[in-house]
Amino acid sequence: MESVDSDPQALGLYMVEALNKYGILYCHMVEPRIKIGMEVCECPESLVPMRKAFNGTFIAAGGYGRDDGNDAVAENRADLVAYGRLFLANPDLPRRFELGAPLNKYDRSTFYTSDPVIGYTDYPFLEDNGNA
């Protein structure tokens, strides 16, 4: 199911300001990615007004990689970046980011299945040959 709003920016600001009234510690938002055919349009500035308006810790998610996640924090577009799918496929994601190592590709077909093993616990860790 998809949902839309006639003015999502104004709605987001309203919600953030409402959260501020209650002293909420963090706000976790997903950066929108617009798919046009097979192409994805990035919207890296779309959360900035909400980030500026929110008084607590601001967490952004939504398809970030290592470099654009670091950029989001360095440019003060977020305090933290969440990596959902990348963490599923890379249980050692911080180490891979640190080393600039290649990432396992996630298999979306295994998301939200009842199988307790396939897709959640079977992704390989980096091989440690004593050099890391």
# chains A, B, ... in the order shown; residues from 1 in each chain; ligands from 1
call {"tool": "residues_around", "arguments": {"residues": "Glu127 (chain A)", "least_positions_apart": "5", "cutoff": "12 Å", "atoms": "only C-alpha atoms", "output": "list in words"}}
result
Asp92, Arg95, Arg96, Ala101, Pro102 and Ala132 of chain A
call {"tool": "write_last_selection", "arguments": {"atoms": "N, CA and C atoms", "output": "short mmCIF file (atom, residue, chain, number, x, y, z; two decimals), in the first residue's frame"}}
result
data_model
loop_
_atom_site.label_atom_id
_atom_site.label_comp_id
_atom_site.auth_asym_id
_atom_site.auth_seq_id
_atom_site.Cartn_x
_atom_site.Cartn_y
_atom_site.Cartn_z
N ASP A 92 28.93 -7.97 9.36
CA ASP A 92 30.14 -7.27 9.78
C ASP A 92 30.26 -5.93 9.06
N ARG A 95 32.94 -3.23 9.94
CA ARG A 95 34.29 -3.66 9.55
C ARG A 95 34.49 -3.50 8.05
N ARG A 96 33.50 -3.89 7.26
CA ARG A 96 33.58 -3.74 5.80
C ARG A 96 33.71 -2.27 5.43
N ALA A 101 35.90 -2.79 2.16
CA ALA A 101 35.73 -4.13 1.58
C ALA A 101 34.43 -4.21 0.78
N PRO A 102 34.38 -5.12 -0.17
CA PRO A 102 33.14 -5.29 -0.93
C PRO A 102 32.01 -5.79 -0.03
N ALA A 132 43.88 -8.01 8.65
CA ALA A 132 42.93 -6.96 9.02
C ALA A 132 43.07 -6.56 10.47
#
call {"tool": "select_by_dssp", "arguments": {"residues": "region 77-127 of chain A", "states": "alpha helix (DSSP H)", "output": "list in words"}}
result
Gly84, Arg85, Leu86, Phe87, Leu88, Ala89, Leu93, Pro94, Arg95, Arg96, Phe97, Glu98 and Leu99 of chain A
call {"tool": "closest_residue", "arguments": {"among": "A:Leu126, A:Leu47, A:Ala53, A:Ala82", "to": "Val16 (chain A)", "atoms": "only C-alpha atoms"}}
result
A:Ala53
call {"tool": "select_by_dssp", "arguments": {"residues": "chain A", "states": "strand (DSSP E)", "output": "JSON, numbers by chain"}}
result
{"A": [26, 27, 28, 29, 30, 33, 34, 35, 36, 39, 40, 41, 42, 57, 58, 59, 60, 61, 80, 81]}
call {"tool": "write_last_selection", "arguments": {"atoms": "N, CA, C and O atoms", "output": "mmCIF file, in the first residue's frame"}}
result
data_model
loop_
_atom_site.group_PDB
_atom_site.id
_atom_site.type_symbol
_atom_site.label_atom_id
_atom_site.label_comp_id
_atom_site.auth_asym_id
_atom_site.auth_seq_id
_atom_site.Cartn_x
_atom_site.Cartn_y
_atom_site.Cartn_z
ATOM 1 N N TYR A 26 14.547 10.841 19.848
ATOM 2 C CA TYR A 26 15.059 10.690 18.489
ATOM 3 C C TYR A 26 13.928 10.582 17.484
ATOM 4 O O TYR A 26 12.803 10.213 17.820
ATOM 5 N N CYS A 27 14.252 10.924 16.269
ATOM 6 C CA CYS A 27 13.326 10.834 15.148
ATOM 7 C C CYS A 27 14.049 10.073 14.041
ATOM 8 O O CYS A 27 15.164 10.437 13.660
ATOM 9 N N HIS A 28 13.430 9.001 13.562
ATOM 10 C CA HIS A 28 14.015 8.159 12.518
ATOM 11 C C HIS A 28 13.156 8.319 11.273
ATOM 12 O O HIS A 28 11.997 7.942 11.272
ATOM 13 N N MET A 29 13.733 8.877 10.215
ATOM 14 C CA MET A 29 12.998 9.095 8.968
ATOM 15 C C MET A 29 13.723 8.409 7.817
ATOM 16 O O MET A 29 14.943 8.281 7.829
ATOM 17 N N VAL A 30 12.940 8.031 6.828
ATOM 18 C CA VAL A 30 13.493 7.394 5.636
ATOM 19 C C VAL A 30 13.562 8.419 4.517
ATOM 20 O O VAL A 30 12.561 9.060 4.187
ATOM 21 N N ARG A 33 13.301 7.871 -2.035
ATOM 22 C CA ARG A 33 13.964 7.582 -3.290
ATOM 23 C C ARG A 33 12.849 7.446 -4.314
ATOM 24 O O ARG A 33 11.914 6.672 -4.117
ATOM 25 N N ILE A 34 12.925 8.195 -5.373
ATOM 26 C CA ILE A 34 11.873 8.175 -6.377
ATOM 27 C C ILE A 34 12.313 7.282 -7.522
ATOM 28 O O ILE A 34 13.370 7.509 -8.130
ATOM 29 N N LYS A 35 11.524 6.247 -7.805
ATOM 30 C CA LYS A 35 11.822 5.356 -8.916
ATOM 31 C C LYS A 35 11.052 5.813 -10.145
ATOM 32 O O LYS A 35 9.842 5.977 -10.113
ATOM 33 N N ILE A 36 11.787 6.032 -11.204
ATOM 34 C CA ILE A 36 11.185 6.356 -12.490
ATOM 35 C C ILE A 36 11.683 5.293 -13.455
ATOM 36 O O ILE A 36 12.834 5.325 -13.886
ATOM 37 N N GLU A 39 15.272 3.722 -13.148
ATOM 38 C CA GLU A 39 16.185 4.719 -12.595
ATOM 39 C C GLU A 39 15.690 5.193 -11.231
ATOM 40 O O GLU A 39 14.502 5.366 -11.009
ATOM 41 N N VAL A 40 16.627 5.413 -10.308
ATOM 42 C CA VAL A 40 16.292 5.915 -8.980
ATOM 43 C C VAL A 40 16.805 7.345 -8.858
ATOM 44 O O VAL A 40 17.963 7.629 -9.140
ATOM 45 N N CYS A 41 15.936 8.225 -8.428
ATOM 46 C CA CYS A 41 16.292 9.635 -8.223
ATOM 47 C C CYS A 41 16.545 9.845 -6.738
ATOM 48 O O CYS A 41 15.677 9.606 -5.914
ATOM 49 N N GLU A 42 17.739 10.266 -6.395
ATOM 50 C CA GLU A 42 18.096 10.529 -5.001
ATOM 51 C C GLU A 42 17.554 11.889 -4.582
ATOM 52 O O GLU A 42 17.493 12.817 -5.378
ATOM 53 N N THR A 57 17.950 13.702 18.571
ATOM 54 C CA THR A 57 18.825 12.994 17.641
ATOM 55 C C THR A 57 18.040 12.617 16.392
ATOM 56 O O THR A 57 16.956 12.050 16.487
ATOM 57 N N PHE A 58 18.596 12.929 15.245
ATOM 58 C CA PHE A 58 17.915 12.685 13.968
ATOM 59 C C PHE A 58 18.614 11.549 13.232
ATOM 60 O O PHE A 58 19.812 11.623 12.947
ATOM 61 N N ILE A 59 17.856 10.490 12.942
ATOM 62 C CA ILE A 59 18.383 9.303 12.256
ATOM 63 C C ILE A 59 17.764 9.237 10.871
ATOM 64 O O ILE A 59 16.539 9.265 10.724
ATOM 65 N N ALA A 60 18.607 9.143 9.857
ATOM 66 C CA ALA A 60 18.138 9.023 8.479
ATOM 67 C C ALA A 60 18.429 7.621 7.966
ATOM 68 O O ALA A 60 19.429 7.006 8.336
ATOM 69 N N ALA A 61 17.558 7.118 7.139
ATOM 70 C CA ALA A 61 17.734 5.813 6.508
ATOM 71 C C ALA A 61 17.246 5.926 5.070
ATOM 72 O O ALA A 61 16.677 6.941 4.674
ATOM 73 N N LEU A 80 22.773 10.364 12.854
ATOM 74 C CA LEU A 80 23.085 8.949 12.649
ATOM 75 C C LEU A 80 22.445 8.494 11.349
ATOM 76 O O LEU A 80 21.448 9.066 10.906
ATOM 77 N N VAL A 81 22.999 7.438 10.765
ATOM 78 C CA VAL A 81 22.429 6.835 9.554
ATOM 79 C C VAL A 81 22.166 5.364 9.843
ATOM 80 O O VAL A 81 23.017 4.665 10.398
#
call {"tool": "closest_residue", "arguments": {"among": "A:Ile24, A:Ile118, A:Met50, A:Ala74", "to": "Leu11 (chain A)", "atoms": "only C-alpha atoms"}}
result
A:Met50
call {"tool": "atom_distance", "arguments": {"atom1": "CA of Asn104 (chain A)", "atom2": "CA of Asn90 (chain A)"}}
result
6.0 Å
call {"tool": "closest_residue", "arguments": {"among": "A:Ser3, A:Gln9, A:Thr121, A:Ser114", "to": "Pro49 (chain A)", "atoms": "only C-alpha atoms"}}
result
A:Gln9
call {"tool": "residues_around", "arguments": {"residues": "Arg108 (chain A)", "least_positions_apart": "5", "cutoff": "12 Å", "atoms": "only C-alpha atoms", "output": "count of residues only"}}
result
9
call {"tool": "closest_residue", "arguments": {"among": "A:Tyr123, A:Phe97, A:Tyr112, A:Phe54", "to": "Asp68 (chain A)", "atoms": "only C-alpha atoms"}}
result
A:Phe97
call {"tool": "atom_distance", "arguments": {"atom1": "CA of Val48 (chain A)", "atom2": "CA of Gly63 (chain A)"}}
result
16.6 Å
call {"tool": "atom_distance", "arguments": {"atom1": "CA of Tyr22 (chain A)", "atom2": "CA of Ala10 (chain A)"}}
result
19.2 Å
